[in-house]
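input.pdb follows (PDB, C-alpha atoms):
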```pdb
ATOM      1  CA  MET A   1       0.000   0.000   0.000  1.00  0.00           C
ATOM      2  CA  ASP A   2       1.478   3.357  -1.031  1.00  0.00           C
ATOM      3  CA  LYS A   3       1.761   5.643   1.994  1.00  0.00           C
ATOM      4  CA  ARG A   4       2.897   8.654  -0.109  1.00  0.00           C
ATOM      5  CA  SER A   5       5.277   9.591   2.701  1.00  0.00           C
ATOM      6  CA  GLU A   6       7.088  12.139   0.550  1.00  0.00           C
ATOM      7  CA  SER A   7       3.975  14.331   0.478  1.00  0.00           C
ATOM      8  CA  GLU A   8       3.031  14.061   4.117  1.00  0.00           C
ATOM      9  CA  PRO A   9       3.829  17.121   6.207  1.00  0.00           C
ATOM     10  CA  MET A  10       6.383  16.852   9.003  1.00  0.00           C
ATOM     11  CA  ASN A  11       6.848  13.090   8.455  1.00  0.00           C
ATOM     12  CA  ASN A  12       3.426  12.152   9.819  1.00  0.00           C
ATOM     13  CA  ARG A  13       2.341   8.829   8.412  1.00  0.00           C
ATOM     14  CA  THR A  14      -1.107   7.318   8.135  1.00  0.00           C
ATOM     15  CA  THR A  15      -1.314   3.589   8.760  1.00  0.00           C
ATOM     16  CA  VAL A  16      -4.284   1.453   7.754  1.00  0.00           C
ATOM     17  CA  GLU A  17      -4.527  -2.001   9.304  1.00  0.00           C
ATOM     18  CA  ARG A  18      -7.160  -4.684   9.224  1.00  0.00           C
ATOM     19  CA  LYS A  19      -7.194  -5.897  12.829  1.00  0.00           C
ATOM     20  CA  SER A  20      -9.711  -8.717  12.363  1.00  0.00           C
ATOM     21  CA  ASP A  21     -12.394  -9.932   9.963  1.00  0.00           C
ATOM     22  CA  ARG A  22     -14.620  -7.023  11.081  1.00  0.00           C
ATOM     23  CA  GLU A  23     -12.200  -4.283  12.202  1.00  0.00           C
ATOM     24  CA  LEU A  24     -10.221  -1.635  10.373  1.00  0.00           C
ATOM     25  CA  VAL A  25      -7.933   0.793  12.219  1.00  0.00           C
ATOM     26  CA  VAL A  26      -6.446   3.992  10.780  1.00  0.00           C
ATOM     27  CA  THR A  27      -3.749   5.735  12.851  1.00  0.00           C
ATOM     28  CA  ARG A  28      -2.011   9.077  12.407  1.00  0.00           C
ATOM     29  CA  THR A  29      -0.310  11.724  14.513  1.00  0.00           C
ATOM     30  CA  VAL A  30      -1.336  15.236  13.493  1.00  0.00           C
ATOM     31  CA  ASN A  31       0.364  18.511  14.326  1.00  0.00           C
ATOM     32  CA  GLY A  32      -1.924  20.193  16.812  1.00  0.00           C
ATOM     33  CA  PRO A  33      -3.260  19.959  20.358  1.00  0.00           C
ATOM     34  CA  ALA A  34      -6.224  17.643  20.984  1.00  0.00           C
ATOM     35  CA  ARG A  35      -8.567  20.571  21.724  1.00  0.00           C
ATOM     36  CA  ILE A  36      -8.079  22.099  18.275  1.00  0.00           C
ATOM     37  CA  VAL A  37      -8.033  18.735  16.479  1.00  0.00           C
ATOM     38  CA  PHE A  38     -11.330  17.838  18.194  1.00  0.00           C
ATOM     39  CA  GLU A  39     -12.810  21.143  16.992  1.00  0.00           C
ATOM     40  CA  ALA A  40     -11.727  20.314  13.428  1.00  0.00           C
ATOM     41  CA  TRP A  41     -13.784  17.090  13.726  1.00  0.00           C
ATOM     42  CA  THR A  42     -16.835  18.680  15.369  1.00  0.00           C
ATOM     43  CA  LYS A  43     -17.308  22.181  13.907  1.00  0.00           C
ATOM     44  CA  PRO A  44     -18.939  22.006  10.456  1.00  0.00           C
ATOM     45  CA  GLU A  45     -17.111  25.108   9.175  1.00  0.00           C
ATOM     46  CA  LEU A  46     -13.762  23.426   9.955  1.00  0.00           C
ATOM     47  CA  PHE A  47     -14.765  19.859   9.041  1.00  0.00           C
ATOM     48  CA  LYS A  48     -15.821  20.986   5.540  1.00  0.00           C
ATOM     49  CA  GLN A  49     -12.287  22.282   4.902  1.00  0.00           C
ATOM     50  CA  TRP A  50     -10.540  18.933   5.228  1.00  0.00           C
ATOM     51  CA  TRP A  51     -12.862  15.912   5.121  1.00  0.00           C
ATOM     52  CA  ALA A  52     -13.333  15.454   1.339  1.00  0.00           C
ATOM     53  CA  PRO A  53     -10.143  14.277  -0.430  1.00  0.00           C
ATOM     54  CA  LYS A  54      -9.312  16.961  -3.000  1.00  0.00           C
ATOM     55  CA  SER A  55      -7.810  14.450  -5.439  1.00  0.00           C
ATOM     56  CA  MET A  56     -11.254  12.874  -5.902  1.00  0.00           C
ATOM     57  CA  GLY A  57     -12.667  16.136  -7.276  1.00  0.00           C
ATOM     58  CA  MET A  58     -15.516  16.035  -4.779  1.00  0.00           C
ATOM     59  CA  PHE A  59     -16.427  18.499  -2.113  1.00  0.00           C
ATOM     60  CA  LEU A  60     -18.612  18.461   0.957  1.00  0.00           C
ATOM     61  CA  ARG A  61     -21.773  20.145  -0.360  1.00  0.00           C
ATOM     62  CA  SER A  62     -23.630  20.033   2.951  1.00  0.00           C
ATOM     63  CA  CYS A  63     -22.486  19.344   6.495  1.00  0.00           C
ATOM     64  CA  GLU A  64     -24.982  19.118   9.357  1.00  0.00           C
ATOM     65  CA  MET A  65     -23.466  18.026  12.662  1.00  0.00           C
ATOM     66  CA  ASP A  66     -25.004  17.989  16.143  1.00  0.00           C
ATOM     67  CA  VAL A  67     -21.938  16.562  17.856  1.00  0.00           C
ATOM     68  CA  ARG A  68     -23.202  15.383  21.225  1.00  0.00           C
ATOM     69  CA  THR A  69     -24.196  12.001  22.607  1.00  0.00           C
ATOM     70  CA  GLY A  70     -27.531  11.281  20.902  1.00  0.00           C
ATOM     71  CA  GLY A  71     -26.992  13.934  18.214  1.00  0.00           C
ATOM     72  CA  THR A  72     -27.029  13.263  14.476  1.00  0.00           C
ATOM     73  CA  TYR A  73     -25.028  14.121  11.385  1.00  0.00           C
ATOM     74  CA  ARG A  74     -25.696  14.284   7.640  1.00  0.00           C
ATOM     75  CA  LEU A  75     -22.930  14.820   5.090  1.00  0.00           C
ATOM     76  CA  VAL A  76     -23.600  15.302   1.369  1.00  0.00           C
ATOM     77  CA  PHE A  77     -20.643  14.858  -1.001  1.00  0.00           C
ATOM     78  CA  GLY A  78     -20.588  15.363  -4.717  1.00  0.00           C
ATOM     79  CA  HIS A  79     -18.972  16.673  -7.862  1.00  0.00           C
ATOM     80  CA  ASP A  80     -22.137  18.645  -8.631  1.00  0.00           C
ATOM     81  CA  ALA A  81     -25.813  18.843  -7.612  1.00  0.00           C
ATOM     82  CA  SER A  82     -26.837  15.917  -9.828  1.00  0.00           C
ATOM     83  CA  ASN A  83     -24.110  13.585  -8.579  1.00  0.00           C
ATOM     84  CA  SER A  84     -24.075  13.389  -4.784  1.00  0.00           C
ATOM     85  CA  ASP A  85     -23.770  10.832  -1.990  1.00  0.00           C
ATOM     86  CA  GLU A  86     -25.221  11.155   1.505  1.00  0.00           C
ATOM     87  CA  PHE A  87     -23.719   9.788   4.673  1.00  0.00           C
ATOM     88  CA  PHE A  88     -25.616  10.028   7.942  1.00  0.00           C
ATOM     89  CA  GLY A  89     -25.924   8.563  11.388  1.00  0.00           C
ATOM     90  CA  ARG A  90     -25.953   9.377  15.067  1.00  0.00           C
ATOM     91  CA  TYR A  91     -23.398  10.043  17.729  1.00  0.00           C
ATOM     92  CA  ILE A  92     -23.343   7.271  20.332  1.00  0.00           C
ATOM     93  CA  GLU A  93     -20.688   8.851  22.566  1.00  0.00           C
ATOM     94  CA  VAL A  94     -18.951  12.221  22.591  1.00  0.00           C
ATOM     95  CA  ILE A  95     -16.255  13.037  25.139  1.00  0.00           C
ATOM     96  CA  PRO A  96     -14.827  16.501  24.333  1.00  0.00           C
ATOM     97  CA  HIS A  97     -11.210  16.519  23.170  1.00  0.00           C
ATOM     98  CA  SER A  98     -10.968  12.755  23.703  1.00  0.00           C
ATOM     99  CA  ARG A  99     -13.413  10.490  21.835  1.00  0.00           C
ATOM    100  CA  ILE A 100     -16.261  10.424  19.304  1.00  0.00           C
ATOM    101  CA  VAL A 101     -18.290   7.314  18.445  1.00  0.00           C
ATOM    102  CA  TRP A 102     -20.853   7.347  15.624  1.00  0.00           C
ATOM    103  CA  THR A 103     -23.008   5.082  13.509  1.00  0.00           C
ATOM    104  CA  ASN A 104     -23.002   4.949   9.715  1.00  0.00           C
ATOM    105  CA  ASP A 105     -26.684   4.466   8.906  1.00  0.00           C
ATOM    106  CA  GLU A 106     -26.845   5.019   5.134  1.00  0.00           C
ATOM    107  CA  GLY A 107     -27.518   2.069   2.879  1.00  0.00           C
ATOM    108  CA  GLY A 108     -30.603   0.729   4.648  1.00  0.00           C
ATOM    109  CA  GLU A 109     -28.767  -1.923   6.666  1.00  0.00           C
ATOM    110  CA  VAL A 110     -26.601  -1.951   9.765  1.00  0.00           C
ATOM    111  CA  GLY A 111     -23.363  -0.169   8.949  1.00  0.00           C
ATOM    112  CA  PRO A 112     -20.060   0.105  10.743  1.00  0.00           C
ATOM    113  CA  VAL A 113     -19.638   1.902  14.038  1.00  0.00           C
ATOM    114  CA  THR A 114     -16.748   4.351  13.926  1.00  0.00           C
ATOM    115  CA  THR A 115     -14.731   5.458  16.947  1.00  0.00           C
ATOM    116  CA  VAL A 116     -12.070   8.138  16.790  1.00  0.00           C
ATOM    117  CA  THR A 117      -9.859   8.927  19.772  1.00  0.00           C
ATOM    118  CA  PHE A 118      -7.643  11.951  20.325  1.00  0.00           C
ATOM    119  CA  GLU A 119      -4.552  11.515  22.509  1.00  0.00           C
ATOM    120  CA  GLU A 120      -2.342  14.564  22.957  1.00  0.00           C
ATOM    121  CA  LYS A 121       1.407  14.003  23.156  1.00  0.00           C
ATOM    122  CA  GLY A 122       3.792  16.952  23.208  1.00  0.00           C
ATOM    123  CA  GLY A 123       1.500  19.367  21.377  1.00  0.00           C
ATOM    124  CA  LYS A 124       0.601  16.775  18.723  1.00  0.00           C
ATOM    125  CA  THR A 125      -2.425  14.495  18.679  1.00  0.00           C
ATOM    126  CA  LEU A 126      -2.481  10.765  18.020  1.00  0.00           C
ATOM    127  CA  LEU A 127      -5.676   9.975  16.102  1.00  0.00           C
ATOM    128  CA  VAL A 128      -6.916   6.402  16.098  1.00  0.00           C
ATOM    129  CA  LEU A 129      -9.955   5.780  13.912  1.00  0.00           C
ATOM    130  CA  HIS A 130     -11.508   2.361  14.488  1.00  0.00           C
ATOM    131  CA  GLU A 131     -14.295   0.982  12.304  1.00  0.00           C
ATOM    132  CA  LEU A 132     -16.207  -2.089  13.468  1.00  0.00           C
ATOM    133  CA  TYR A 133     -18.289  -3.647  10.700  1.00  0.00           C
ATOM    134  CA  PRO A 134     -21.299  -5.902  11.355  1.00  0.00           C
ATOM    135  CA  SER A 135     -19.691  -8.767   9.420  1.00  0.00           C
ATOM    136  CA  LYS A 136     -16.589  -9.845   7.510  1.00  0.00           C
ATOM    137  CA  GLU A 137     -18.610  -9.541   4.302  1.00  0.00           C
ATOM    138  CA  ALA A 138     -19.509  -5.918   5.070  1.00  0.00           C
ATOM    139  CA  LEU A 139     -15.832  -5.015   5.589  1.00  0.00           C
ATOM    140  CA  ASP A 140     -14.839  -6.929   2.450  1.00  0.00           C
ATOM    141  CA  ALA A 141     -17.509  -5.053   0.466  1.00  0.00           C
ATOM    142  CA  ALA A 142     -16.316  -1.694   1.824  1.00  0.00           C
ATOM    143  CA  GLY A 143     -12.770  -2.482   0.701  1.00  0.00           C
ATOM    144  CA  THR A 144      -9.942  -0.213   1.741  1.00  0.00           C
ATOM    145  CA  GLY A 145     -10.723   2.664  -0.637  1.00  0.00           C
ATOM    146  CA  ALA A 146     -12.227   4.916   2.003  1.00  0.00           C
ATOM    147  CA  ALA A 147      -9.489   4.042   4.484  1.00  0.00           C
ATOM    148  CA  ASP A 148      -6.829   4.734   1.853  1.00  0.00           C
ATOM    149  CA  ALA A 149      -8.391   8.160   1.281  1.00  0.00           C
ATOM    150  CA  MET A 150      -7.864   8.901   4.986  1.00  0.00           C
ATOM    151  CA  GLY A 151      -4.165   9.510   4.287  1.00  0.00           C
ATOM    152  CA  GLU A 152      -5.053  12.422   2.037  1.00  0.00           C
ATOM    153  CA  GLN A 153      -7.777  13.612   4.403  1.00  0.00           C
ATOM    154  CA  PHE A 154      -5.334  13.653   7.307  1.00  0.00           C
ATOM    155  CA  GLU A 155      -2.818  15.598   5.198  1.00  0.00           C
ATOM    156  CA  GLN A 156      -5.581  18.148   4.585  1.00  0.00           C
ATOM    157  CA  LEU A 157      -6.313  18.167   8.330  1.00  0.00           C
ATOM    158  CA  ASP A 158      -2.632  18.929   9.005  1.00  0.00           C
ATOM    159  CA  GLU A 159      -2.821  21.824   6.500  1.00  0.00           C
ATOM    160  CA  LEU A 160      -5.902  23.189   8.270  1.00  0.00           C
ATOM    161  CA  LEU A 161      -4.187  22.914  11.659  1.00  0.00           C
ATOM    162  CA  VAL A 162      -1.227  24.911  10.325  1.00  0.00           C
ATOM    163  CA  ALA A 163      -3.645  27.572   9.086  1.00  0.00           C
ATOM    164  CA  LEU A 164      -5.460  27.648  12.429  1.00  0.00           C
ATOM    165  CA  GLY A 165      -2.151  27.958  14.279  1.00  0.00           C
ATOM    166  CA  ALA A 166      -1.091  30.814  12.011  1.00  0.00           C
ATOM    167  CA  GLY A 167      -4.407  32.519  12.748  1.00  0.00           C
ATOM    168  CA  GLY A 168      -4.013  32.301  16.515  1.00  0.00           C
ATOM    169  CA  GLY A 169      -5.954  29.029  16.937  1.00  0.00           C
ATOM    170  CA  ALA A 170      -9.615  28.210  16.818  1.00  0.00           C
TER     171      ALA A 170
END
```
Write out the structure in this file as structure tokens.
Amino acid sequence: MDKRSESEPMNNRTTVERKSDRELVVTRTVNGPARIVFEAWTKPELFKQWWAPKSMGMFLRSCEMDVRTGGTYRLVFGHDASNSDEFFGRYIEVIPHSRIVWTNDEGGEVGPVTTVTFEEKGGKTLLVLHELYPSKEALDAAGTGAADAMGEQFEQLDELLVALGAGGGA
């Protein structure tokens, strides 16, 4: 798997690992304190700036996020108005600056549950994104495409964090 390490800022590397038949884990250290990284995941105006991989030519057309335990989200991606995909679900657990757990409810069947944790170390934040699929077949069907895109997304997150730092923080 190509990690594109030459393009990753400050030698941060995204790793994607299948931990079991149902689990996928994406890990990366990003350059920013957990408080600001958490805000980049929970404030729609920040999230929209980094979540959609630019190389795919898509953008986040709509971003509704009520990031609290029991809250919901709806993300609409697309190249244009006639070609869009919706992703939605609910937040199962939100612990500020530390952990977010959400469901992926699109598709009409039980989807994966995603957990992301934020662990600050020396002004940087270790992100661990864990996806638990309902079955081996569901993970096989999802493939690693979305997880592979996380490398680019996390590079974009690092760029946003640099911009936020240059602007005095969030």
Query raised in the report: Contacts of stretch 99-104 of chain A at 7 Å or less, counting all atoms listed in the file, minus same-chain residues fewer than 5 places along, as an MDAnalysis selection string?
Result: chainID A and resid 88:94 111:118
Given all atoms listed in the file, how would the per-residue table for stretch 62-139 of chain A near stretch 15-31 of chain A read, listing every residue at most 12 Å away with its closest atom pair and distance in Å to one decimal, sorted by chain and number, as a Markdown table?
```
| residue | atom | partner | partner_atom | distance |
| --- | --- | --- | --- | --- |
| A:Gly111 | CA | A:Arg22 | CA | 11.3 |
| A:Pro112 | CA | A:Arg22 | CA | 9.0 |
| A:Val113 | CA | A:Glu23 | CA | 9.8 |
| A:Thr114 | CA | A:Leu24 | CA | 9.5 |
| A:Thr115 | CA | A:Val25 | CA | 9.5 |
| A:Val116 | CA | A:Val26 | CA | 9.2 |
| A:Thr117 | CA | A:Thr27 | CA | 9.8 |
| A:Phe118 | CA | A:Thr29 | CA | 9.4 |
| A:Glu119 | CA | A:Thr29 | CA | 9.1 |
| A:Glu120 | CA | A:Thr29 | CA | 9.1 |
| A:Lys121 | CA | A:Thr29 | CA | 9.1 |
| A:Gly122 | CA | A:Asn31 | CA | 9.6 |
| A:Gly123 | CA | A:Asn31 | CA | 7.2 |
| A:Lys124 | CA | A:Asn31 | CA | 4.7 |
| A:Thr125 | CA | A:Val30 | CA | 5.4 |
| A:Leu126 | CA | A:Thr29 | CA | 4.2 |
| A:Leu127 | CA | A:Arg28 | CA | 5.3 |
| A:Val128 | CA | A:Thr27 | CA | 4.6 |
| A:Leu129 | CA | A:Val26 | CA | 5.0 |
| A:His130 | CA | A:Val25 | CA | 4.5 |
| A:Glu131 | CA | A:Leu24 | CA | 5.2 |
| A:Leu132 | CA | A:Glu23 | CA | 4.7 |
| A:Tyr133 | CA | A:Arg22 | CA | 5.0 |
| A:Pro134 | CA | A:Arg22 | CA | 6.8 |
| A:Ser135 | CA | A:Arg22 | CA | 5.6 |
| A:Lys136 | CA | A:Asp21 | CA | 4.9 |
| A:Glu137 | CA | A:Arg22 | CA | 8.3 |
| A:Ala138 | CA | A:Arg22 | CA | 7.8 |
| A:Leu139 | CA | A:Arg22 | CA | 6.0 |
```
Report as JSON the centre and the edge lengths, in Å to one decimal, of the axis-aligned box holding every listed atom of stretch 63-69 of chain A, padded by 4 Å on each side.
```
{"center_x": -23.5, "center_y": 15.7, "center_z": 14.6, "size_x": 11.1, "size_y": 15.3, "size_z": 24.1}
```
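For the residues A:Glu39, A:Pro53, A:Thr72, A:Ser98, ranking by smallest atom-to-atom distance to A:Asp148 using only C-alpha atoms places A:Pro53 first.
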Query raised in the report: Could you pull the residues within 8 Å of A:Phe154, counting only C-alpha atoms, minus those fewer than 3 positions along the same chain, as a PyMOL selection string?
Result: chain A and resi 14+28+30+50+150-151+157-158
Would you save the residues from that selection as a PDB file, keeping the file's coordinate frame, using C-alpha atoms?
```
ATOM      1  CA  THR A  14      -1.107   7.318   8.135  1.00  0.00           C
ATOM      2  CA  ARG A  28      -2.011   9.077  12.407  1.00  0.00           C
ATOM      3  CA  VAL A  30      -1.336  15.236  13.493  1.00  0.00           C
ATOM      4  CA  TRP A  50     -10.540  18.933   5.228  1.00  0.00           C
ATOM      5  CA  MET A 150      -7.864   8.901   4.986  1.00  0.00           C
ATOM      6  CA  GLY A 151      -4.165   9.510   4.287  1.00  0.00           C
ATOM      7  CA  LEU A 157      -6.313  18.167   8.330  1.00  0.00           C
ATOM      8  CA  ASP A 158      -2.632  18.929   9.005  1.00  0.00           C
TER       9      ASP A 158
END
```
Requested in this report: Run the PyMOL selection byres ((chain A and resi 51) around 8) on the file and write out the hits as a PyMOL selection string.
Outcome: chain A and resi 47-50+52-53+60+153+156-157
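Atom CA of A:Asp85 sits 20.7 Å away from atom CA of A:Gly71.
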Query raised in the report: Written as a list in words, what is the full residue list that the PyMOL selection byres ((chain A and resi 36) around 9) yields on the file shown?
Result: Gly32, Pro33, Ala34, Arg35, Val37, Phe38, Glu39, Ala40, Trp41, His97, Leu161, Leu164, Gly169 and Ala170 of chain A
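Going from atom CA of A:Glu64 to atom CA of A:Glu159 covers 22.5 Å.
Atom pair atom CA of A:Met56 / atom CA of A:Glu152: separated by 10.1 Å.
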**Report entry** Residue contacts of A:Met58 (10 Å, only C-alpha atoms) excluding same-chain residues fewer than 6 positions away, as a ChimeraX atom specification
**Finding:** /A:52,77-80,83-84
